[in-house]
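Shown next: query.txt, given as compact mmCIF, C-alpha atoms.
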# COMPACT_ATOMS: atom_id res chain seq x y z
CA MET A 87 0.00 0.00 0.00
CA THR A 88 1.47 3.34 -0.99
CA GLU A 89 1.35 6.47 1.11
CA GLU A 90 -1.23 8.08 -1.18
CA THR A 91 -3.74 5.22 -0.89
CA ALA A 92 -3.19 4.94 2.87
CA ALA A 93 -3.96 8.63 3.29
CA ALA A 94 -7.09 8.29 1.15
CA ALA A 95 -8.33 5.23 3.10
CA ALA A 96 -7.83 6.80 6.54
CA PRO A 97 -10.88 8.64 7.89
CA ALA A 98 -10.58 12.37 8.16
CA ALA A 99 -10.11 13.64 11.69
CA PRO A 100 -12.91 15.90 12.93
CA THR A 101 -11.86 19.51 12.88
CA GLU A 102 -12.88 21.96 15.55
CA PRO A 103 -14.05 25.42 14.57
CA ALA A 104 -11.25 27.96 14.55
CA VAL A 105 -13.50 30.54 16.25
CA PRO A 106 -15.12 29.53 19.57
CA MET A 107 -18.93 29.76 19.67
CA THR A 108 -20.56 32.58 21.55
CA GLU A 109 -23.13 31.99 24.29
CA ALA A 110 -26.05 32.74 21.96
CA GLU A 111 -24.75 30.38 19.28
CA SER A 112 -24.23 27.55 21.78
CA ARG A 113 -27.78 28.06 23.15
CA GLU A 114 -29.13 27.94 19.59
CA ALA A 115 -27.18 24.74 18.88
CA ARG A 116 -28.61 23.10 22.04
CA GLU A 117 -32.16 24.01 20.98
CA LEU A 118 -31.57 22.40 17.61
CA LYS A 119 -30.31 19.23 19.30
CA LYS A 120 -33.47 18.87 21.42
CA ARG A 121 -35.42 15.75 20.57
CA SER A 122 -38.42 16.37 18.40
CA PHE A 123 -41.09 13.68 18.21
CA LYS A 124 -42.34 12.43 14.89
CA LYS A 125 -45.95 13.34 14.21
CA PHE A 126 -48.17 10.36 13.52
CA GLU A 127 -49.49 10.06 10.00
CA PHE A 128 -51.74 7.40 8.48
CA ARG A 129 -51.32 7.15 4.71
CA GLY A 130 -50.16 10.78 4.56
CA VAL A 131 -52.96 12.20 6.74
CA ASP A 132 -52.06 13.46 10.21
CA LEU A 133 -53.99 12.44 13.31
CA GLU A 134 -55.88 15.73 13.79
CA HIS A 135 -57.34 15.51 10.27
CA LEU A 136 -58.14 11.80 10.72
CA LEU A 137 -60.21 12.59 13.81
CA GLU A 138 -62.15 15.28 11.91
CA MET A 139 -62.83 13.11 8.84
CA LYS A 140 -66.10 11.28 8.29
CA GLU A 141 -66.03 7.52 8.75
CA SER A 142 -66.64 6.90 5.03
CA ALA A 143 -63.60 9.03 4.13
CA VAL A 144 -61.43 7.14 6.64
CA TYR A 145 -62.49 3.82 5.09
CA GLN A 146 -61.20 5.07 1.71
CA LEU A 147 -57.71 5.20 3.27
CA LEU A 148 -57.88 1.58 4.49
CA ASN A 149 -56.92 -1.60 2.65
CA ALA A 150 -59.34 -3.38 0.30
CA ARG A 151 -60.26 -6.08 2.83
CA GLN A 152 -61.40 -3.50 5.41
CA ARG A 153 -63.24 -1.45 2.76
CA ARG A 154 -65.06 -4.55 1.53
CA SER A 155 -66.22 -5.51 5.03
CA ARG A 156 -67.60 -1.97 5.39
CA THR A 157 -69.46 -2.04 2.06
CA ARG A 158 -71.01 -5.40 2.96
CA GLY A 159 -72.73 -3.70 5.88
CA VAL A 160 -72.05 -2.60 9.43
CA LYS A 161 -72.94 -5.11 12.13
CA HIS A 162 -75.18 -3.99 14.96
CA LYS A 163 -72.64 -5.22 17.52
CA HIS A 164 -69.98 -2.96 15.99
CA ILE A 165 -72.28 0.06 16.27
CA GLN A 166 -72.99 -0.80 19.92
CA LEU A 167 -69.26 -1.14 20.63
CA SER A 168 -68.55 2.27 19.06
CA LYS A 169 -71.28 3.87 21.20
CA LYS A 170 -69.95 2.24 24.39
CA LEU A 171 -66.40 3.39 23.62
CA HIS A 172 -67.63 6.94 22.97
CA ASN A 173 -69.62 6.98 26.23
CA SER A 174 -66.66 5.64 28.23
CA LYS A 175 -64.50 8.56 27.04
CA LEU A 176 -67.08 11.23 27.95
CA HIS A 177 -66.62 13.25 31.17
CA LEU A 178 -62.98 12.21 31.71
CA ALA A 179 -60.28 14.42 33.17
CA VAL A 180 -57.21 15.12 31.04
CA GLY A 181 -54.75 12.22 31.11
CA GLU A 182 -57.26 9.80 32.66
CA LYS A 183 -57.85 6.40 31.07
CA PRO A 184 -61.42 5.42 30.24
CA LYS A 185 -63.19 2.40 31.68
CA CYS A 186 -62.57 -0.90 29.89
CA VAL A 187 -65.30 -2.04 27.48
CA ASN A 188 -65.43 -5.82 26.97
CA THR A 189 -66.34 -7.22 23.57
CA HIS A 190 -66.42 -10.40 21.51
CA CYS A 191 -66.13 -8.38 18.26
CA ARG A 192 -62.68 -9.46 17.12
CA ASP A 193 -63.48 -8.45 13.52
CA LYS A 194 -64.04 -4.75 14.28
CA VAL A 195 -61.68 -2.47 12.34
CA ILE A 196 -59.90 0.08 14.53
CA LEU A 197 -60.85 3.62 13.51
CA PRO A 198 -59.47 7.01 14.63
CA GLY A 199 -62.44 7.66 16.95
CA MET A 200 -61.44 4.65 19.05
CA ILE A 201 -57.96 6.02 19.89
CA GLY A 202 -57.34 6.29 23.62
CA SER A 203 -60.03 3.75 24.54
CA VAL A 204 -59.41 0.57 26.50
CA VAL A 205 -61.08 -2.51 25.02
CA GLY A 206 -61.30 -5.98 26.55
CA VAL A 207 -61.04 -8.30 23.53
CA HIS A 208 -62.21 -11.87 24.11
CA ASN A 209 -59.72 -14.56 23.14
CA GLY A 210 -62.02 -17.54 23.71
CA LYS A 211 -61.32 -17.80 27.43
CA THR A 212 -60.68 -14.35 28.92
CA PHE A 213 -60.84 -10.68 27.97
CA ASN A 214 -57.42 -9.21 27.19
CA GLN A 215 -57.23 -5.47 27.77
CA VAL A 216 -55.99 -3.55 24.75
CA GLU A 217 -55.31 0.19 24.82
CA ILE A 218 -56.00 1.60 21.35
CA LYS A 219 -53.07 3.62 19.94
CA PRO A 220 -52.84 5.55 16.65
CA GLU A 221 -50.53 2.93 15.10
CA MET A 222 -53.37 0.38 15.33
CA ILE A 223 -55.64 2.19 12.85
CA GLY A 224 -56.76 -0.15 10.07
CA HIS A 225 -56.07 -3.34 12.04
CA TYR A 226 -58.66 -5.64 13.58
CA LEU A 227 -59.22 -5.84 17.35
CA GLY A 228 -58.58 -9.59 17.25
CA GLU A 229 -54.99 -9.03 16.10
CA PHE A 230 -54.11 -7.73 19.56
CA SER A 231 -55.64 -10.58 21.59
CA ILE A 232 -53.87 -13.87 20.86
CA THR A 233 -56.17 -16.93 20.95
CA TYR A 234 -53.61 -19.61 21.68
CA LYS A 235 -50.84 -20.18 24.16
CA PRO A 236 -47.49 -20.04 22.33
CA VAL A 237 -45.45 -23.24 22.39
CA ARG A 238 -42.58 -23.23 24.86
CA HIS A 239 -39.94 -25.61 23.60
CA GLY A 240 -38.14 -27.12 26.55
CA ARG A 241 -37.03 -30.55 27.66
CA PRO A 242 -38.99 -33.48 26.27
CA GLY A 243 -41.64 -34.86 28.55
CA ILE A 244 -42.88 -38.37 29.10
CA GLY A 245 -44.01 -39.96 25.85
CA ALA A 246 -42.25 -37.46 23.60
CA THR A 247 -39.91 -39.97 21.93
CA HIS A 248 -38.51 -43.42 22.59
CA SER A 249 -35.28 -41.95 23.90
CA SER A 250 -37.10 -39.97 26.58
CA ARG A 251 -38.76 -43.06 28.09
CA PHE A 252 -36.06 -43.62 30.64
CA ILE A 253 -35.84 -40.15 32.18
CA PRO A 254 -35.32 -40.79 35.88
CA LEU A 255 -38.06 -39.31 38.06
CA LYS A 256 -36.40 -37.57 40.99
Rewrite the structure from the file as structure tokens, please.
Amino acid sequence: MTEETAAAAAPAAPTEPAVPMTEAESREARELKKRSFKKFEFRGVDLEHLLEMKESAVYQLLNARQRRSRTRGVKHKHIQLSKKLHNSKLHLAVGEKPKCVNTHCRDKVILPGMIGSVVGVHNGKTFNQVEIKPEMIGHYLGEFSITYKPVRHGRPGIGATHSSRFIPLK
């Protein structure tokens, strides 16, 4: 390796400014470094506009499967659930969580009006509490309440294979 290629491959050392920053410039630099949170957007529409939109306009932003279920008709149970969620959020202090509303409607599409609600989604045995967040818009309630117990792969038990027959019982 020649000296020219070695110099080109080496990373450049960071250079400090020749002139020290003034107090005002350093304050301005600190303000720029402050963490700014990303605003939530759903398909290019921010949350404030989503909350103001009509339900039919929101459905136009969703995937085809969700739009089709809407055009096939709205179930009475879904309307009841929406009313219960709306009533649970009325008369709440700022920062307070609403009361949990239990439901068996796993096929209800999450809409912007449901954000901030707490829903107990039935998984076949119990109601799992789900707090609705903006990132959940367009998904089904059932996606957030798992219906089976995940397999835990551990040591083989009795009757697993022929080699595990002679595991000594302590």
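Closest to Glu141 in chain A among A:Gly199, A:Pro236, A:Gly210, A:Gly159 is A:Gly199, based on only C-alpha atoms.
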Spatial neighbours of His164 in chain A, 12 Å, only C-alpha atoms, chain gap at least 6 places, as an MDAnalysis selection string: chainID A and resid 155:156 170:171 189:197 200 226:227
Closest atom pairs, residues of range 143-185 of chain A within 12 Å of range 211-220 of chain A, all atoms listed in the file, as a tab-separated table:
residue	atom	partner	partner_atom	distance
A:Leu171	CA	A:Ile218	CA	10.8
A:Lys183	CA	A:Glu217	CA	9.2
A:Pro184	CA	A:Glu217	CA	9.7
A:Lys185	CA	A:Gln215	CA	10.6
For CA of Val187 in chain A and CA of Val205 in chain A, quote the distance in Å rounded to one decimal. 4.9 Å
If you count only C-alpha atoms, which residues fall within 6 Å of range 231-235 of chain A, apart from same-chain ones fewer than 2 positions away, as a VMD selection string? chain A and resid 209 228 to 229
Have a look at CA of Arg154 in chain A and CA of Met222 in chain A and let me know their distance in Å, one decimal. 18.7 Å
From (-64.0, 8.4, 8.3), in the file's coordinates, out to 12 Å: which residues are reached, counting only C-alpha atoms? Answer as an mmCIF file with C-alpha atoms, in the frame of the given file.
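Everything below was put into point_26.cif:
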data_model
loop_
_atom_site.group_PDB
_atom_site.id
_atom_site.type_symbol
_atom_site.label_atom_id
_atom_site.label_comp_id
_atom_site.auth_asym_id
_atom_site.auth_seq_id
_atom_site.Cartn_x
_atom_site.Cartn_y
_atom_site.Cartn_z
ATOM 1 C CA VAL A 131 -52.960 12.200 6.740
ATOM 2 C CA LEU A 133 -53.990 12.440 13.310
ATOM 3 C CA HIS A 135 -57.340 15.510 10.270
ATOM 4 C CA LEU A 136 -58.140 11.800 10.720
ATOM 5 C CA LEU A 137 -60.210 12.590 13.810
ATOM 6 C CA GLU A 138 -62.150 15.280 11.910
ATOM 7 C CA MET A 139 -62.830 13.110 8.840
ATOM 8 C CA LYS A 140 -66.100 11.280 8.290
ATOM 9 C CA GLU A 141 -66.030 7.520 8.750
ATOM 10 C CA SER A 142 -66.640 6.900 5.030
ATOM 11 C CA ALA A 143 -63.600 9.030 4.130
ATOM 12 C CA VAL A 144 -61.430 7.140 6.640
ATOM 13 C CA TYR A 145 -62.490 3.820 5.090
ATOM 14 C CA GLN A 146 -61.200 5.070 1.710
ATOM 15 C CA LEU A 147 -57.710 5.200 3.270
ATOM 16 C CA LEU A 148 -57.880 1.580 4.490
ATOM 17 C CA ARG A 153 -63.240 -1.450 2.760
ATOM 18 C CA ARG A 156 -67.600 -1.970 5.390
ATOM 19 C CA VAL A 195 -61.680 -2.470 12.340
ATOM 20 C CA ILE A 196 -59.900 0.080 14.530
ATOM 21 C CA LEU A 197 -60.850 3.620 13.510
ATOM 22 C CA PRO A 198 -59.470 7.010 14.630
ATOM 23 C CA GLY A 199 -62.440 7.660 16.950
ATOM 24 C CA MET A 200 -61.440 4.650 19.050
ATOM 25 C CA ILE A 223 -55.640 2.190 12.850
ATOM 26 C CA GLY A 224 -56.760 -0.150 10.070
#
CA of Leu176 in chain A to CA of Val204 in chain A, straight-line distance in Å: 13.2 Å
Please write out, as JSON, where the centre of an axis-aligned box around all listed atoms of range 150-158 of chain A lies and how long its edges are, in Å to one decimal, after adding 5 Å on each side.
{"center_x": -65.2, "center_y": -3.8, "center_z": 2.9, "size_x": 21.7, "size_y": 14.6, "size_z": 15.1}
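In terms of minimum interatomic distance to Phe126 in chain A, A:Glu221 ranks closest within A:Glu221, A:Arg113, A:Ser203, A:Lys163, counting all atoms listed in the file.
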Kindly complete range 225-236 of chain A to all heavy atoms; the output should be written as a PDB file, keeping the file's coordinate frame.
ATOM      1  N   HIS A 225     -56.191  -1.950  11.623  1.00  0.00           N
ATOM      2  CA  HIS A 225     -56.070  -3.340  12.040  1.00  0.00           C
ATOM      3  C   HIS A 225     -57.373  -3.786  12.692  1.00  0.00           C
ATOM      4  O   HIS A 225     -58.228  -2.981  13.027  1.00  0.00           O
ATOM      5  CB  HIS A 225     -54.908  -3.509  13.036  1.00  0.00           C
ATOM      6  CG  HIS A 225     -53.562  -3.302  12.420  1.00  0.00           C
ATOM      7  ND1 HIS A 225     -52.842  -4.304  11.843  1.00  0.00           N
ATOM      8  CD2 HIS A 225     -52.811  -2.186  12.279  1.00  0.00           C
ATOM      9  CE1 HIS A 225     -51.705  -3.840  11.391  1.00  0.00           C
ATOM     10  NE2 HIS A 225     -51.662  -2.537  11.638  1.00  0.00           N
ATOM     11  N   TYR A 226     -57.498  -5.095  12.893  1.00  0.00           N
ATOM     12  CA  TYR A 226     -58.660  -5.640  13.580  1.00  0.00           C
ATOM     13  C   TYR A 226     -58.369  -5.771  15.065  1.00  0.00           C
ATOM     14  O   TYR A 226     -57.214  -5.962  15.461  1.00  0.00           O
ATOM     15  CB  TYR A 226     -59.011  -7.020  13.015  1.00  0.00           C
ATOM     16  CG  TYR A 226     -59.525  -6.998  11.598  1.00  0.00           C
ATOM     17  CD1 TYR A 226     -58.681  -7.242  10.523  1.00  0.00           C
ATOM     18  CD2 TYR A 226     -60.857  -6.725  11.325  1.00  0.00           C
ATOM     19  CE1 TYR A 226     -59.149  -7.222   9.218  1.00  0.00           C
ATOM     20  CE2 TYR A 226     -61.339  -6.701  10.031  1.00  0.00           C
ATOM     21  CZ  TYR A 226     -60.475  -6.955   8.983  1.00  0.00           C
ATOM     22  OH  TYR A 226     -60.947  -6.919   7.703  1.00  0.00           O
ATOM     23  N   LEU A 227     -59.412  -5.691  15.901  1.00  0.00           N
ATOM     24  CA  LEU A 227     -59.220  -5.840  17.350  1.00  0.00           C
ATOM     25  C   LEU A 227     -58.634  -7.205  17.691  1.00  0.00           C
ATOM     26  O   LEU A 227     -57.818  -7.325  18.597  1.00  0.00           O
ATOM     27  CB  LEU A 227     -60.560  -5.665  18.076  1.00  0.00           C
ATOM     28  CG  LEU A 227     -61.072  -4.249  18.246  1.00  0.00           C
ATOM     29  CD1 LEU A 227     -62.456  -4.269  18.874  1.00  0.00           C
ATOM     30  CD2 LEU A 227     -60.131  -3.426  19.085  1.00  0.00           C
ATOM     31  N   GLY A 228     -59.042  -8.232  16.962  1.00  0.00           N
ATOM     32  CA  GLY A 228     -58.580  -9.590  17.250  1.00  0.00           C
ATOM     33  C   GLY A 228     -57.089  -9.779  17.066  1.00  0.00           C
ATOM     34  O   GLY A 228     -56.511 -10.716  17.620  1.00  0.00           O
ATOM     35  N   GLU A 229     -56.431  -8.903  16.304  1.00  0.00           N
ATOM     36  CA  GLU A 229     -54.990  -9.030  16.100  1.00  0.00           C
ATOM     37  C   GLU A 229     -54.201  -8.759  17.372  1.00  0.00           C
ATOM     38  O   GLU A 229     -53.033  -9.135  17.464  1.00  0.00           O
ATOM     39  CB  GLU A 229     -54.527  -8.058  15.012  1.00  0.00           C
ATOM     40  CG  GLU A 229     -55.053  -8.360  13.642  1.00  0.00           C
ATOM     41  CD  GLU A 229     -54.551  -7.368  12.608  1.00  0.00           C
ATOM     42  OE1 GLU A 229     -53.330  -7.081  12.604  1.00  0.00           O
ATOM     43  OE2 GLU A 229     -55.375  -6.884  11.820  1.00  0.00           O
ATOM     44  N   PHE A 230     -54.819  -8.117  18.345  1.00  0.00           N
ATOM     45  CA  PHE A 230     -54.110  -7.730  19.560  1.00  0.00           C
ATOM     46  C   PHE A 230     -54.506  -8.576  20.761  1.00  0.00           C
ATOM     47  O   PHE A 230     -54.136  -8.258  21.888  1.00  0.00           O
ATOM     48  CB  PHE A 230     -54.365  -6.248  19.838  1.00  0.00           C
ATOM     49  CG  PHE A 230     -53.967  -5.383  18.682  1.00  0.00           C
ATOM     50  CD1 PHE A 230     -54.915  -4.874  17.813  1.00  0.00           C
ATOM     51  CD2 PHE A 230     -52.635  -5.123  18.429  1.00  0.00           C
ATOM     52  CE1 PHE A 230     -54.547  -4.104  16.727  1.00  0.00           C
ATOM     53  CE2 PHE A 230     -52.252  -4.357  17.343  1.00  0.00           C
ATOM     54  CZ  PHE A 230     -53.215  -3.841  16.493  1.00  0.00           C
ATOM     55  N   SER A 231     -55.254  -9.652  20.526  1.00  0.00           N
ATOM     56  CA  SER A 231     -55.640 -10.580  21.590  1.00  0.00           C
ATOM     57  C   SER A 231     -55.411 -11.985  21.072  1.00  0.00           C
ATOM     58  O   SER A 231     -56.261 -12.554  20.387  1.00  0.00           O
ATOM     59  CB  SER A 231     -57.099 -10.353  21.975  1.00  0.00           C
ATOM     60  OG  SER A 231     -57.472 -11.268  22.967  1.00  0.00           O
ATOM     61  N   ILE A 232     -54.267 -12.569  21.397  1.00  0.00           N
ATOM     62  CA  ILE A 232     -53.870 -13.870  20.860  1.00  0.00           C
ATOM     63  C   ILE A 232     -54.783 -14.964  21.423  1.00  0.00           C
ATOM     64  O   ILE A 232     -55.159 -14.938  22.593  1.00  0.00           O
ATOM     65  CB  ILE A 232     -52.378 -14.125  21.160  1.00  0.00           C
ATOM     66  CG1 ILE A 232     -51.857 -15.288  20.365  1.00  0.00           C
ATOM     67  CG2 ILE A 232     -52.129 -14.295  22.631  1.00  0.00           C
ATOM     68  CD1 ILE A 232     -50.351 -15.377  20.350  1.00  0.00           C
ATOM     69  N   THR A 233     -55.187 -15.914  20.563  1.00  0.00           N
ATOM     70  CA  THR A 233     -56.170 -16.930  20.950  1.00  0.00           C
ATOM     71  C   THR A 233     -55.551 -18.239  21.382  1.00  0.00           C
ATOM     72  O   THR A 233     -56.264 -19.154  21.762  1.00  0.00           O
ATOM     73  CB  THR A 233     -57.122 -17.218  19.778  1.00  0.00           C
ATOM     74  OG1 THR A 233     -56.342 -17.640  18.664  1.00  0.00           O
ATOM     75  CG2 THR A 233     -57.929 -15.996  19.415  1.00  0.00           C
ATOM     76  N   TYR A 234     -54.255 -18.354  21.297  1.00  0.00           N
ATOM     77  CA  TYR A 234     -53.610 -19.610  21.680  1.00  0.00           C
ATOM     78  C   TYR A 234     -52.427 -19.308  22.590  1.00  0.00           C
ATOM     79  O   TYR A 234     -51.927 -18.181  22.644  1.00  0.00           O
ATOM     80  CB  TYR A 234     -53.131 -20.389  20.457  1.00  0.00           C
ATOM     81  CG  TYR A 234     -52.121 -19.649  19.616  1.00  0.00           C
ATOM     82  CD1 TYR A 234     -50.759 -19.791  19.836  1.00  0.00           C
ATOM     83  CD2 TYR A 234     -52.532 -18.789  18.604  1.00  0.00           C
ATOM     84  CE1 TYR A 234     -49.837 -19.102  19.080  1.00  0.00           C
ATOM     85  CE2 TYR A 234     -51.624 -18.106  17.844  1.00  0.00           C
ATOM     86  CZ  TYR A 234     -50.274 -18.265  18.078  1.00  0.00           C
ATOM     87  OH  TYR A 234     -49.363 -17.574  17.328  1.00  0.00           O
ATOM     88  N   LYS A 235     -51.997 -20.323  23.293  1.00  0.00           N
ATOM     89  CA  LYS A 235     -50.840 -20.180  24.160  1.00  0.00           C
ATOM     90  C   LYS A 235     -49.611 -20.595  23.353  1.00  0.00           C
ATOM     91  O   LYS A 235     -49.542 -21.721  22.868  1.00  0.00           O
ATOM     92  CB  LYS A 235     -50.995 -21.078  25.384  1.00  0.00           C
ATOM     93  CG  LYS A 235     -49.911 -20.901  26.410  1.00  0.00           C
ATOM     94  CD  LYS A 235     -50.182 -21.749  27.633  1.00  0.00           C
ATOM     95  CE  LYS A 235     -49.080 -21.583  28.645  1.00  0.00           C
ATOM     96  NZ  LYS A 235     -49.287 -22.438  29.813  1.00  0.00           N
ATOM     97  N   PRO A 236     -48.654 -19.699  23.154  1.00  0.00           N
ATOM     98  CA  PRO A 236     -47.490 -20.040  22.330  1.00  0.00           C
ATOM     99  C   PRO A 236     -46.727 -21.236  22.903  1.00  0.00           C
ATOM    100  O   PRO A 236     -46.639 -21.424  24.117  1.00  0.00           O
ATOM    101  CB  PRO A 236     -46.623 -18.784  22.391  1.00  0.00           C
ATOM    102  CG  PRO A 236     -47.566 -17.685  22.738  1.00  0.00           C
ATOM    103  CD  PRO A 236     -48.610 -18.312  23.606  1.00  0.00           C
TER     104      PRO A 236
END
